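Have a look at protein-v1.txt; it's compact mmCIF, C-alpha atoms:
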```txt
# COMPACT_ATOMS: atom_id res chain seq x y z
CA MET A 1 0.00 0.00 0.00
CA ALA A 2 1.70 3.12 1.16
CA GLU A 3 5.22 3.79 0.26
CA ILE A 4 8.02 1.73 1.67
CA ALA A 5 11.38 3.05 0.68
CA GLU A 6 13.11 0.55 -1.53
CA SER A 7 16.66 1.70 -1.40
CA GLY A 8 18.14 2.39 1.94
CA GLY A 9 21.37 4.17 2.66
CA GLY A 10 23.96 1.64 1.38
CA GLY A 11 26.14 1.84 -1.68
CA HIS A 12 28.86 4.07 -0.36
CA GLY A 13 32.03 2.75 -1.66
CA LYS A 14 34.39 4.39 0.77
CA GLY A 15 34.25 1.68 3.30
CA LYS A 16 33.01 3.70 6.15
CA LYS A 17 29.88 2.01 7.28
CA ARG A 18 27.15 4.46 7.93
CA ALA A 19 24.08 3.60 9.85
CA LYS A 20 21.35 2.69 7.46
CA LYS A 21 19.22 5.71 6.91
CA GLY A 22 15.70 4.86 7.98
CA SER A 23 12.98 5.69 5.55
CA THR A 24 11.39 9.08 6.25
CA ARG A 25 8.11 7.95 4.83
CA VAL A 26 5.41 6.83 7.14
CA ASP A 27 2.71 4.39 6.34
CA MET A 28 -0.24 6.68 5.99
CA THR A 29 -2.94 4.08 5.45
CA PRO A 30 -4.41 4.14 8.97
CA MET A 31 -4.47 7.88 8.97
CA VAL A 32 -6.24 7.98 5.63
CA ASP A 33 -8.70 5.40 6.91
CA LEU A 34 -9.43 7.54 9.90
CA ALA A 35 -9.70 10.72 7.88
CA PHE A 36 -12.24 9.19 5.56
CA LEU A 37 -14.14 7.64 8.42
CA LEU A 38 -14.48 11.05 10.03
CA LEU A 39 -15.36 12.60 6.72
CA THR A 40 -18.15 10.11 6.15
CA PHE A 41 -19.43 10.62 9.67
CA PHE A 42 -19.61 14.38 9.35
CA VAL A 43 -21.12 14.28 5.91
CA LEU A 44 -23.89 11.99 7.10
CA THR A 45 -24.72 13.59 10.41
CA SER A 46 -24.55 17.23 9.52
CA THR A 47 -27.49 19.30 8.45
CA PHE A 48 -26.60 22.39 6.62
CA SER A 49 -29.50 24.64 6.13
CA LYS A 50 -30.40 25.99 9.52
CA PRO A 51 -34.12 26.00 9.94
CA LYS A 52 -35.75 29.37 9.54
CA VAL A 53 -38.86 30.72 11.13
CA MET A 54 -41.85 32.42 9.65
CA SER A 55 -43.72 34.61 12.09
CA LEU A 56 -47.44 35.05 12.00
CA VAL A 57 -49.53 37.15 14.32
CA TYR A 58 -52.88 35.66 15.14
CA PRO A 59 -55.81 37.85 16.05
CA ALA A 60 -56.34 38.04 19.80
CA LYS A 61 -59.13 35.96 21.18
CA VAL A 62 -62.16 37.95 22.12
CA GLU A 63 -63.93 36.72 25.22
CA ASP A 64 -67.35 37.79 24.21
CA GLN A 65 -68.16 36.89 20.63
CA THR A 66 -71.70 38.23 20.61
CA ASP A 67 -71.21 41.92 20.07
CA VAL A 68 -68.44 41.56 17.53
CA ASP A 69 -69.83 42.44 14.15
CA SER A 70 -67.74 41.40 11.25
CA PRO A 71 -66.45 44.73 9.94
CA GLU A 72 -67.19 45.86 6.44
CA ILE A 73 -64.49 44.28 4.36
CA ASN A 74 -63.69 46.50 1.43
CA ASN A 75 -60.48 45.30 -0.07
CA ALA A 76 -60.13 41.75 1.06
CA ILE A 77 -59.79 38.28 -0.28
CA THR A 78 -60.88 35.26 1.67
CA PHE A 79 -59.06 32.03 0.98
CA LEU A 80 -60.61 28.69 1.76
CA LEU A 81 -58.15 25.87 2.08
CA SER A 82 -58.91 22.24 1.59
CA GLU A 83 -56.75 19.23 0.82
CA ASP A 84 -54.15 20.68 -1.58
CA LYS A 85 -56.77 22.98 -3.06
CA VAL A 86 -57.36 26.69 -2.65
CA PHE A 87 -60.55 28.57 -3.30
CA TYR A 88 -61.20 32.22 -2.85
CA TYR A 89 -63.78 34.90 -3.03
CA ALA A 90 -63.25 38.62 -3.02
CA GLY A 91 -64.86 41.05 -0.63
CA GLN A 92 -67.85 40.45 1.56
CA TYR A 93 -69.51 37.10 1.99
CA TYR A 94 -73.11 36.88 0.86
CA PRO A 95 -74.90 33.67 1.76
CA LYS A 96 -77.56 32.28 -0.53
CA SER A 97 -80.29 33.44 1.80
CA SER A 98 -79.33 37.11 1.50
CA PRO A 99 -77.48 37.65 -1.77
CA GLY A 100 -75.54 40.85 -2.30
CA PRO A 101 -75.68 43.17 -5.27
CA LYS A 102 -73.97 40.56 -7.46
CA GLY A 103 -75.84 37.55 -6.14
CA PRO A 104 -74.60 35.02 -3.62
CA THR A 105 -70.89 34.48 -3.18
CA GLU A 106 -69.29 31.94 -5.43
CA LEU A 107 -65.94 30.30 -4.88
CA LYS A 108 -63.26 30.35 -7.50
CA GLU A 109 -60.37 27.95 -7.58
CA VAL A 110 -56.71 28.90 -7.89
CA ASN A 111 -53.55 26.83 -7.74
CA PHE A 112 -50.30 27.31 -5.90
CA GLY A 113 -48.26 27.69 -9.06
CA PRO A 114 -46.83 30.99 -10.23
CA GLY A 115 -48.59 30.63 -13.59
CA GLU A 116 -51.53 32.33 -15.24
CA ASP A 117 -54.32 31.23 -12.89
CA GLY A 118 -51.96 30.89 -9.96
CA ILE A 119 -52.27 32.49 -6.61
CA ARG A 120 -49.23 34.69 -7.12
CA GLN A 121 -50.75 36.48 -10.12
CA LEU A 122 -53.98 36.98 -8.27
CA LEU A 123 -52.34 38.51 -5.24
CA ALA A 124 -49.98 40.65 -7.28
CA GLU A 125 -52.98 42.03 -9.13
CA GLY A 126 -54.91 42.74 -5.95
CA ASN A 127 -52.03 44.23 -4.05
CA LYS A 128 -50.70 46.33 -6.92
CA SER A 129 -50.57 49.59 -4.99
CA VAL A 130 -48.34 48.17 -2.27
CA LEU A 131 -46.03 46.39 -4.70
CA MET A 132 -45.65 49.55 -6.78
CA GLY A 133 -45.02 51.58 -3.64
CA LYS A 134 -42.44 49.07 -2.49
CA LYS A 135 -40.62 49.32 -5.81
CA GLU A 136 -40.40 53.08 -5.50
CA LEU A 137 -39.15 52.84 -1.93
CA GLN A 138 -36.60 50.27 -3.02
CA LYS A 139 -35.39 52.64 -5.70
CA LYS A 140 -35.02 55.44 -3.16
CA LEU A 141 -33.15 53.09 -0.86
CA ASP A 142 -30.80 52.05 -3.62
CA ASN A 143 -30.07 55.68 -4.42
CA LYS A 144 -29.43 56.30 -0.72
CA GLN A 145 -32.21 58.88 -0.50
CA ILE A 146 -33.70 57.19 2.56
CA GLN A 147 -32.24 55.11 5.34
CA ASP A 148 -32.83 51.46 6.13
CA SER A 149 -34.99 52.10 9.17
CA VAL A 150 -37.07 54.68 7.31
CA TYR A 151 -37.54 52.18 4.51
CA VAL A 152 -38.82 49.52 6.91
CA ASN A 153 -41.19 51.95 8.60
CA MET A 154 -42.55 53.27 5.35
CA LEU A 155 -43.06 49.75 4.06
CA THR A 156 -45.07 48.73 7.12
CA ASP A 157 -47.15 51.89 6.80
CA LEU A 158 -47.72 51.12 3.17
CA LYS A 159 -48.93 47.63 3.98
CA LYS A 160 -51.47 48.99 6.44
CA LYS A 161 -52.99 51.52 4.04
CA LYS A 162 -56.60 51.35 3.00
CA GLU A 163 -55.79 50.32 -0.55
CA ALA A 164 -53.63 47.43 0.61
CA LEU A 165 -55.13 44.01 0.19
CA LYS A 166 -56.26 42.19 3.31
CA VAL A 167 -56.47 38.46 3.48
CA LEU A 168 -58.59 36.11 5.54
CA ILE A 169 -57.69 32.45 5.70
CA LYS A 170 -60.18 29.76 6.50
CA THR A 171 -59.46 26.09 6.53
CA ASP A 172 -61.58 22.99 6.46
CA ASP A 173 -60.67 19.83 8.34
CA LYS A 174 -58.74 18.28 5.46
CA ALA A 175 -56.24 21.07 4.89
CA THR A 176 -52.65 20.26 5.83
CA CYS A 177 -50.09 22.52 7.44
CA LYS A 178 -48.12 22.50 4.22
CA ASN A 179 -51.05 24.06 2.39
CA PHE A 180 -51.40 26.66 5.08
CA ILE A 181 -47.73 27.59 5.16
CA ASP A 182 -47.55 27.65 1.36
CA LEU A 183 -50.39 30.12 1.36
CA ILE A 184 -48.81 32.32 4.03
CA ASP A 185 -45.65 32.18 1.98
CA GLU A 186 -47.44 33.49 -1.10
CA LEU A 187 -48.89 36.29 1.03
CA LYS A 188 -45.40 37.23 2.19
CA ILE A 189 -44.20 37.30 -1.40
CA ALA A 190 -47.10 39.57 -2.34
CA GLU A 191 -46.23 41.87 0.61
CA ILE A 192 -49.60 41.55 2.26
CA GLY A 193 -49.61 43.14 5.67
CA VAL A 194 -52.90 42.13 7.18
CA VAL A 195 -53.41 38.38 7.38
CA ALA A 196 -55.99 36.83 9.62
CA PRO A 197 -56.54 33.11 10.01
CA VAL A 198 -60.13 32.79 11.15
CA GLU A 199 -62.75 30.15 11.83
CA ILE A 200 -64.73 28.91 8.86
CA MET A 201 -68.46 29.53 8.86
CA ALA A 202 -70.86 26.64 8.39
CA SER A 203 -72.35 28.09 5.22
CA GLU A 204 -68.91 28.56 3.72
CA LEU A 205 -68.05 25.00 4.58
CA ASP A 206 -71.14 23.80 2.70
CA LEU A 207 -70.15 25.90 -0.26
CA LEU A 208 -66.67 24.44 -0.18
CA LYS A 209 -67.96 20.88 0.03
CA GLU A 210 -70.27 21.45 -2.89
CA LYS A 211 -67.42 22.84 -4.92
CA LEU A 212 -65.20 19.86 -4.07
CA LYS A 213 -67.92 17.40 -5.02
CA ASN A 214 -68.35 18.93 -8.44
CA LYS A 215 -64.72 18.30 -9.27
CA MET B 1 11.98 -11.35 -29.70
CA PRO B 2 13.25 -10.19 -26.42
CA LYS B 3 10.59 -9.61 -23.86
CA ILE B 4 10.05 -6.04 -22.81
CA LYS B 5 10.95 -5.87 -19.21
CA MET B 6 8.72 -3.67 -17.15
CA PRO B 7 10.71 -1.60 -14.74
CA LYS B 8 10.33 -3.07 -11.32
CA SER B 9 9.04 -0.37 -9.10
CA SER B 10 6.74 -0.38 -6.17
CA PRO B 11 3.09 -0.11 -7.17
CA SER B 12 2.32 2.41 -4.50
CA ILE B 13 1.16 5.95 -5.08
CA ASP B 14 1.98 9.03 -3.14
CA MET B 15 -1.06 9.54 -0.96
CA THR B 16 -0.14 12.89 0.53
CA PRO B 17 -2.42 15.04 -1.66
CA MET B 18 -5.34 12.74 -0.99
CA VAL B 19 -4.76 12.90 2.74
CA ASP B 20 -4.50 16.67 2.52
CA LEU B 21 -7.80 16.83 0.75
CA ALA B 22 -9.46 14.41 3.13
CA PHE B 23 -8.42 16.40 6.16
CA LEU B 24 -9.41 19.64 4.52
CA LEU B 25 -12.88 18.26 3.97
CA VAL B 26 -13.06 16.86 7.50
CA THR B 27 -12.16 20.24 8.91
CA PHE B 28 -14.69 21.96 6.70
CA PHE B 29 -17.51 19.65 7.68
CA MET B 30 -16.60 19.80 11.33
CA LEU B 31 -16.77 23.55 11.37
CA ALA B 32 -19.70 24.03 9.04
CA ALA B 33 -21.96 21.36 10.39
CA SER B 34 -24.62 21.74 12.96
CA PHE B 35 -25.80 18.47 14.32
CA ARG B 36 -29.16 16.93 13.87
CA SER B 37 -30.56 16.78 17.34
CA SER B 38 -32.03 13.53 18.50
CA GLU B 39 -35.64 14.51 18.69
CA PRO B 40 -38.18 11.88 19.62
CA VAL B 41 -40.17 12.63 16.48
CA GLN B 42 -39.06 13.17 12.94
CA VAL B 43 -40.85 16.11 11.45
CA GLU B 44 -40.73 17.06 7.82
CA ILE B 45 -40.66 20.81 7.85
CA PRO B 46 -42.44 22.69 5.09
CA THR B 47 -40.54 25.24 3.04
CA SER B 48 -40.96 28.98 2.87
CA VAL B 49 -39.09 31.99 1.54
CA SER B 50 -38.63 33.44 5.01
CA ASP B 51 -35.01 34.07 5.94
CA LYS B 52 -35.38 34.82 9.63
CA ILE B 53 -33.15 32.53 11.64
CA ILE B 54 -34.47 30.72 14.65
CA PRO B 55 -33.99 32.81 17.81
CA SER B 56 -32.11 31.35 20.77
CA ASN B 57 -34.60 31.71 23.61
CA VAL B 58 -37.61 29.74 22.48
CA ILE B 59 -40.48 27.63 23.65
CA MET B 60 -41.10 25.10 20.95
CA VAL B 61 -44.15 22.96 20.44
CA THR B 62 -43.90 20.18 17.90
CA VAL B 63 -46.94 18.65 16.25
CA ASP B 64 -46.28 15.44 14.38
CA LYS B 65 -48.22 13.85 11.52
CA GLY B 66 -50.70 12.15 13.80
CA GLY B 67 -51.34 15.24 15.90
CA ARG B 68 -49.22 14.25 18.90
CA VAL B 69 -47.82 17.25 20.71
CA PHE B 70 -44.29 17.64 22.07
CA PHE B 71 -42.86 20.40 24.20
CA ASN B 72 -39.36 21.80 24.29
CA MET B 73 -37.64 24.82 25.72
CA THR B 74 -34.09 25.97 25.14
CA ASN B 75 -33.11 27.63 28.39
CA SER B 76 -32.02 24.89 30.82
CA GLU B 77 -32.19 27.13 33.90
CA ALA B 78 -35.75 28.07 33.10
CA ARG B 79 -36.59 24.42 32.47
CA LYS B 80 -35.77 23.51 36.04
CA GLU B 81 -37.95 26.30 37.35
CA LEU B 82 -40.69 25.18 35.01
CA LEU B 83 -40.50 21.57 36.23
CA THR B 84 -40.64 22.68 39.85
CA ASN B 85 -43.81 24.65 39.16
CA MET B 86 -45.37 21.83 37.16
CA SER B 87 -44.57 19.21 39.80
CA GLY B 88 -46.18 21.45 42.41
CA LYS B 89 -49.31 21.87 40.37
CA TYR B 90 -49.74 18.22 39.36
CA LYS B 91 -48.43 16.73 42.60
CA VAL B 92 -45.82 14.66 40.79
CA GLY B 93 -42.50 14.42 42.60
CA PHE B 94 -39.11 14.54 40.91
CA ASN B 95 -35.78 13.77 42.55
CA GLY B 96 -32.69 15.90 42.09
CA LYS B 97 -31.24 13.70 39.39
CA GLN B 98 -34.40 13.83 37.36
CA MET B 99 -34.50 17.62 37.71
CA GLU B 100 -30.94 17.83 36.44
CA GLU B 101 -31.67 15.47 33.56
CA PHE B 102 -34.78 17.39 32.56
CA GLY B 103 -32.67 20.52 32.09
CA PHE B 104 -30.85 18.92 29.19
CA MET B 105 -33.57 16.86 27.60
CA GLU B 106 -34.87 17.21 24.07
CA SER B 107 -38.55 17.50 23.28
CA PHE B 108 -40.82 15.25 25.25
CA GLY B 109 -44.37 14.25 24.64
CA CYS B 110 -45.94 12.53 27.59
CA SER B 111 -48.35 13.34 30.35
CA MET B 112 -47.17 14.50 33.78
CA LYS B 113 -47.83 11.06 35.26
CA GLU B 114 -45.50 9.37 32.79
CA LEU B 115 -42.84 12.06 32.93
CA PRO B 116 -40.65 10.76 35.82
CA GLY B 117 -40.45 7.35 34.15
CA TYR B 118 -39.68 8.97 30.82
CA ILE B 119 -36.86 11.05 32.27
CA ASP B 120 -35.30 7.90 33.75
CA LEU B 121 -34.91 6.35 30.31
CA SER B 122 -31.62 6.76 28.53
CA SER B 123 -31.64 9.10 25.58
CA GLU B 124 -31.58 6.14 23.18
CA GLU B 125 -34.57 4.54 24.82
CA ARG B 126 -36.40 7.85 24.68
CA GLY B 127 -36.00 7.86 20.94
CA ARG B 128 -37.65 4.46 20.73
CA ALA B 129 -40.32 4.96 23.36
CA ARG B 130 -43.62 5.79 21.73
CA THR B 131 -45.32 8.36 23.87
CA MET B 132 -48.83 9.63 23.40
CA GLY B 133 -48.00 13.31 23.26
CA ILE B 134 -48.88 15.96 25.80
CA PRO B 135 -52.61 15.98 26.52
CA TYR B 136 -54.35 19.23 25.61
CA ASP B 137 -58.04 18.53 25.67
CA SER B 138 -60.37 20.72 27.67
CA THR B 139 -60.59 18.39 30.67
CA ASN B 140 -56.87 17.85 31.00
CA ASN B 141 -54.97 20.66 29.38
CA GLU B 142 -51.38 20.02 30.43
CA LEU B 143 -49.98 21.73 27.36
CA LYS B 144 -51.50 25.01 28.47
CA ASP B 145 -49.73 24.75 31.84
CA TRP B 146 -46.45 23.80 30.21
CA ILE B 147 -46.62 26.84 27.98
CA TYR B 148 -47.83 29.13 30.75
CA TYR B 149 -45.22 28.14 33.33
CA GLY B 150 -42.58 27.87 30.62
CA ASN B 151 -43.30 31.43 29.62
CA VAL B 152 -43.15 32.61 33.24
CA ALA B 153 -39.87 30.81 33.88
CA ALA B 154 -38.32 32.01 30.63
CA LEU B 155 -39.37 35.57 31.38
CA ASN B 156 -37.78 35.36 34.82
CA THR B 157 -34.46 34.08 33.57
CA GLY B 158 -34.64 36.51 30.67
CA LYS B 159 -35.11 39.34 33.12
CA THR B 160 -32.01 38.47 35.13
CA LEU B 161 -30.01 38.19 31.93
CA PHE B 162 -31.35 41.55 30.85
CA GLU B 163 -30.32 43.14 34.16
CA GLU B 164 -26.86 41.62 33.85
CA ALA B 165 -26.46 42.98 30.35
CA LYS B 166 -27.58 46.39 31.59
CA LEU B 167 -25.01 46.33 34.39
CA LYS B 168 -22.32 45.56 31.88
CA GLY B 169 -23.14 48.84 30.22
CA ASP B 170 -24.69 47.51 27.03
CA SER B 171 -27.99 48.91 25.94
CA PRO B 172 -29.90 45.68 25.48
CA ASN B 173 -33.27 45.41 23.84
CA ALA B 174 -35.72 43.87 26.30
CA ASN B 175 -37.51 42.04 23.50
CA ASP B 176 -34.44 39.97 22.74
CA PHE B 177 -34.66 38.39 26.17
CA LYS B 178 -38.30 37.42 25.97
CA PRO B 179 -39.04 33.90 24.86
CA LYS B 180 -40.37 33.36 21.35
CA PHE B 181 -42.99 30.77 20.57
CA ILE B 182 -42.17 28.35 17.88
CA LEU B 183 -44.45 25.85 16.24
CA ARG B 184 -42.79 22.97 14.51
CA VAL B 185 -45.32 21.19 12.36
CA ASP B 186 -44.99 18.42 9.85
CA GLY B 187 -46.07 19.40 6.36
CA LYS B 188 -48.58 16.56 6.34
CA THR B 189 -50.12 17.39 9.70
CA LEU B 190 -53.73 18.34 9.32
CA TYR B 191 -54.13 22.03 10.00
CA VAL B 192 -56.87 21.34 12.54
CA HIS B 193 -54.30 19.66 14.80
CA ALA B 194 -52.04 22.69 14.57
CA GLN B 195 -55.03 24.93 15.09
CA ASN B 196 -55.85 23.22 18.38
CA VAL B 197 -52.34 23.98 19.61
CA ILE B 198 -52.53 27.53 18.27
CA ASP B 199 -55.77 27.97 20.18
CA VAL B 200 -53.98 26.95 23.37
CA PHE B 201 -51.45 29.70 22.74
CA ARG B 202 -54.18 32.17 21.95
CA ASP B 203 -56.05 31.28 25.12
CA LEU B 204 -52.96 32.43 26.99
CA ASN B 205 -52.97 35.61 24.92
CA LEU B 206 -49.77 34.64 23.14
CA ASN B 207 -50.65 35.60 19.60
CA ASN B 208 -47.30 36.05 17.95
CA LEU B 209 -46.26 32.61 16.75
CA ASN B 210 -43.49 31.41 14.51
CA PHE B 211 -43.56 28.41 12.21
CA VAL B 212 -40.35 26.53 11.61
CA THR B 213 -39.66 26.27 7.92
CA SER B 214 -36.73 25.39 5.77
CA MET B 215 -35.35 27.75 3.20
CA GLU B 216 -36.77 28.01 -0.27
CA MET B 217 -35.52 30.30 -2.98
CA PRO B 218 -37.64 33.41 -3.28
CA PRO B 219 -39.01 34.08 -6.75
CA LYS B 220 -37.07 36.41 -8.98
CA ASN B 221 -38.89 39.42 -10.22
```

Will you turn the file into C-alpha cells for me?
Amino acid sequence: MAEIAESGGGGHGKGKKRAKKGSTRVDMTPMVDLAFLLLTFFVLTSTFSKPKVMSLVYPAKVEDQTDVDSPEINNAITFLLSEDKVFYYAGQYYPKSSPGPKGPTELKEVNFGPGEDGIRQLLAEGNKSVLMGKKELQKKLDNKQIQDSVYVNMLTDLKKKKEALKVLIKTDDKATCKNFIDLIDELKIAEIGVVAPVEIMASELDLLKEKLKNK
Amino acid sequence: MPKIKMPKSSPSIDMTPMVDLAFLLVTFFMLAASFRSSEPVQVEIPTSVSDKIIPSNVIMVTVDKGGRVFFNMTNSEARKELLTNMSGKYKVGFNGKQMEEFGFMESFGCSMKELPGYIDLSSEERGRARTMGIPYDSTNNELKDWIYYGNVAALNTGKTLFEEAKLKGDSPNANDFKPKFILRVDGKTLYVHAQNVIDVFRDLNLNNLNFVTSMEMPPKN
C-alpha cells in the first residue's frame, strides 16, 4: 500500500559504514482510513440549512363573541383551504339566503403555481398599490435617499394603508399545514400586511364541500 | 523477440495530496456542520421563503403527523424552574437527578404522570419509546400549563439576563430576552391539529407565533 522506501542508505564505496538511513516515509494508510471515516461521519450527520422561522400574528381571542360584528371588508380576499386545493372569493360574503348586489358568493379555484391562474398572479394584481409603492421605496433606498430604518417603517405603513389588500384564511378539516404555510408564503411574497386566520363559517363550509364534489 | 521488461518499481502511489484533501474536507464539515438533534419525532418541515433565523430563547411545540404534541424549551435554567412549578401543580414528585436530567432533555411528549419514568430512560430509549403526546383537551390541558409556566420561567431568567447585560453597560433590547414561541409542524399534519395547539397559545394571549420552515428560494422578479 503506502510507500516503503526501496533503497536504503547503502552503496557508499568508501568503506566507512554508515548507519542505514531509515525511511522518512510513514505508512499513511491508517491515517487515511481515519480521515475518511471522520469525513463520512460528518457528511452523514450534519445538516446544513439551519431552519428558519416564519412569524405570523394571530388575532387576539375575544372573550365575548356576541357583540363583535364582522367589519365591512372592502379590499379583502378570503381564501378557503382544503386538501391541496385553494378557493377564494373577493370582498364580503353573501350567503344564498341574502345575496348581495352581485348575487350570492361563489368560490373560484386557484392553484399554488406561479402561472396564469396561480395564486401569485392573483395577489400581485390585488395588491398592486403596495407592490408599486415598495418598488419606488426600493429605488429610493438604492439611491441612498432614505435610510434602512425609514424604509422599513414606510413599508409597514404602506402595507397597512386602506388600498392594501387584506387576506382572511379559512381552513376545512382536510387542509394540511403544508397548504397553510404555502399560502402564508405566497402572502409574504405579495407583501400583504394584514393576514388573519379565522374560523370557517358553516355556510362557507357547505359551499366548499359542494365545490369539491363537483370536481 | 526479447521480452520487454517492465521496470520493477513499487506499485504504490503518493497519498499525501489525498490525505491533505481528506483532512481539509473533514475540517470543513466539522466547522460548518450543525448536528441533527435527537428529537423523539421526525418532522418534515415545510418550506418557505422566510429568511429569519431561529432565535435562541424559544419555547417550541412540535406537532407530528398524527397530531401528537411535544414540548421543548431551550433555556435549561428556566426548564428547572418550570419543572418545579409543574410538579407542584400536578403533585408529581421529581428527585434531584431527574431535575438535572430534565434541564438537558430534548422535546418530550408525555403526560405529567409518565414524565418521571420517561426522564429515567436513557436518551436512546427515549427515541424508541412511543409516547402519546402531551394531553391538551379541555378536561386535561397540560400543554397550556407547560406553555404558561414555561413562559413565566423564561421571562424570569430573561429578566435576570437583561439586568446583567444592563449592568455591563450595554444597551440591550428587552424584547431579545423574551421567549419566542415556535411551532414545529410536519407538512402533512392536518391544520386542525395545529389549530388546536394555536388555540392553546391564543387562550394564553400569546398571539405572535413562529412556524419553523426550511429555506426556499424566493421568486425572482

* Could you pull the residues within 7 Å of Gly109 in chain B, counting all atoms listed in the file, minus those fewer than 5 positions along the same chain, as a list in words? ->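 The neighbour list is Val69, Phe70, Phe71, Thr131, Met132, Gly133 and Ile134 of chain B.
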
* Enumerate as JSON, numbers by chain the residues belonging to chain A that approach chain B to within 9 Å, with only C-alpha atoms taken into account. => {"A": [1, 2, 3, 4, 5, 6, 28, 29, 31, 32, 35, 36, 38, 39, 40, 42, 43, 45, 46, 47, 48, 49, 50, 51, 52, 53, 54, 55, 56, 57, 58, 59, 60, 61, 171, 172, 173, 174, 175, 176, 177, 178, 179, 180, 181, 182, 184, 185, 186, 188, 189]}

* Asked: Could you name the residues that touch range 88-92 of chain B at 12 Å or less, counting only C-alpha atoms, but leaving out those on the same chain fewer than 6 positions away, as JSON, numbers by chain?
  -> {"B": [81, 82, 98, 111, 112, 113, 114, 115, 116, 117, 140, 141, 142, 145, 146, 149]}

* To do: Identify the residues within 7 Å of coordinate (-74.4, 31.3, -2.9) (same frame as the file), considering only C-alpha atoms, and give the answer as a PyMOL selection string.
  => chain A and resi 94-96+104-106

* Have a look at CA of Gln138 in chain A and CA of Val152 in chain A and let me know their distance in Å, one decimal. =>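 Rounded to one decimal, the two atoms are 10.2 Å apart.
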
12 Å contact set for Glu125 in chain A, all atoms listed in the file, chain neighbours under 4 positions out, as a PDB file with C-alpha atoms, keeping the file's coordinate frame:
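Here's the written file result-v8.pdb:
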```pdb
ATOM      1  CA  ILE A  77     -59.790  38.280  -0.280  1.00  0.00           C
ATOM      2  CA  GLU A 116     -51.530  32.330 -15.240  1.00  0.00           C
ATOM      3  CA  ASP A 117     -54.320  31.230 -12.890  1.00  0.00           C
ATOM      4  CA  GLY A 118     -51.960  30.890  -9.960  1.00  0.00           C
ATOM      5  CA  ILE A 119     -52.270  32.490  -6.610  1.00  0.00           C
ATOM      6  CA  ARG A 120     -49.230  34.690  -7.120  1.00  0.00           C
ATOM      7  CA  GLN A 121     -50.750  36.480 -10.120  1.00  0.00           C
ATOM      8  CA  SER A 129     -50.570  49.590  -4.990  1.00  0.00           C
ATOM      9  CA  VAL A 130     -48.340  48.170  -2.270  1.00  0.00           C
ATOM     10  CA  LEU A 131     -46.030  46.390  -4.700  1.00  0.00           C
ATOM     11  CA  MET A 132     -45.650  49.550  -6.780  1.00  0.00           C
ATOM     12  CA  ALA A 164     -53.630  47.430   0.610  1.00  0.00           C
ATOM     13  CA  LEU A 165     -55.130  44.010   0.190  1.00  0.00           C
ATOM     14  CA  ALA A 190     -47.100  39.570  -2.340  1.00  0.00           C
ATOM     15  CA  GLU A 191     -46.230  41.870   0.610  1.00  0.00           C
ATOM     16  CA  ILE A 192     -49.600  41.550   2.260  1.00  0.00           C
TER      17      ILE A 192
END
```

* Expressed in Å to a single decimal, how great is the separation between CA of Phe102 in chain B and CA of Lys80 in chain B? ->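 That distance, rounded to one decimal, is 7.1 Å.
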
* To do: Identify which of the residues B:Ser56, B:Val197, B:Ala78, B:Leu83 lies closest to Asn156 in chain B, counting only C-alpha atoms when measuring atom-to-atom distances.
  => B:Ala78

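Minimum atom-to-atom distance to Met60 in chain B, evaluated using all atoms listed in the file, belongs to B:Met73 out of B:Met99, B:Leu143, B:Met73, B:Val43.
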
* Which is closest to Ser82 in chain A among A:Val198, A:Leu158, A:Leu34, A:Ile169, if we use all atoms listed in the file? ->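 With all atoms listed in the file as the atom set, the closest residue is A:Ile169.
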
* CA of Val63 in chain B to CA of Met201 in chain A, straight-line distance in Å ->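 CA of Val63 in chain B lies 25.2 Å from CA of Met201 in chain A.
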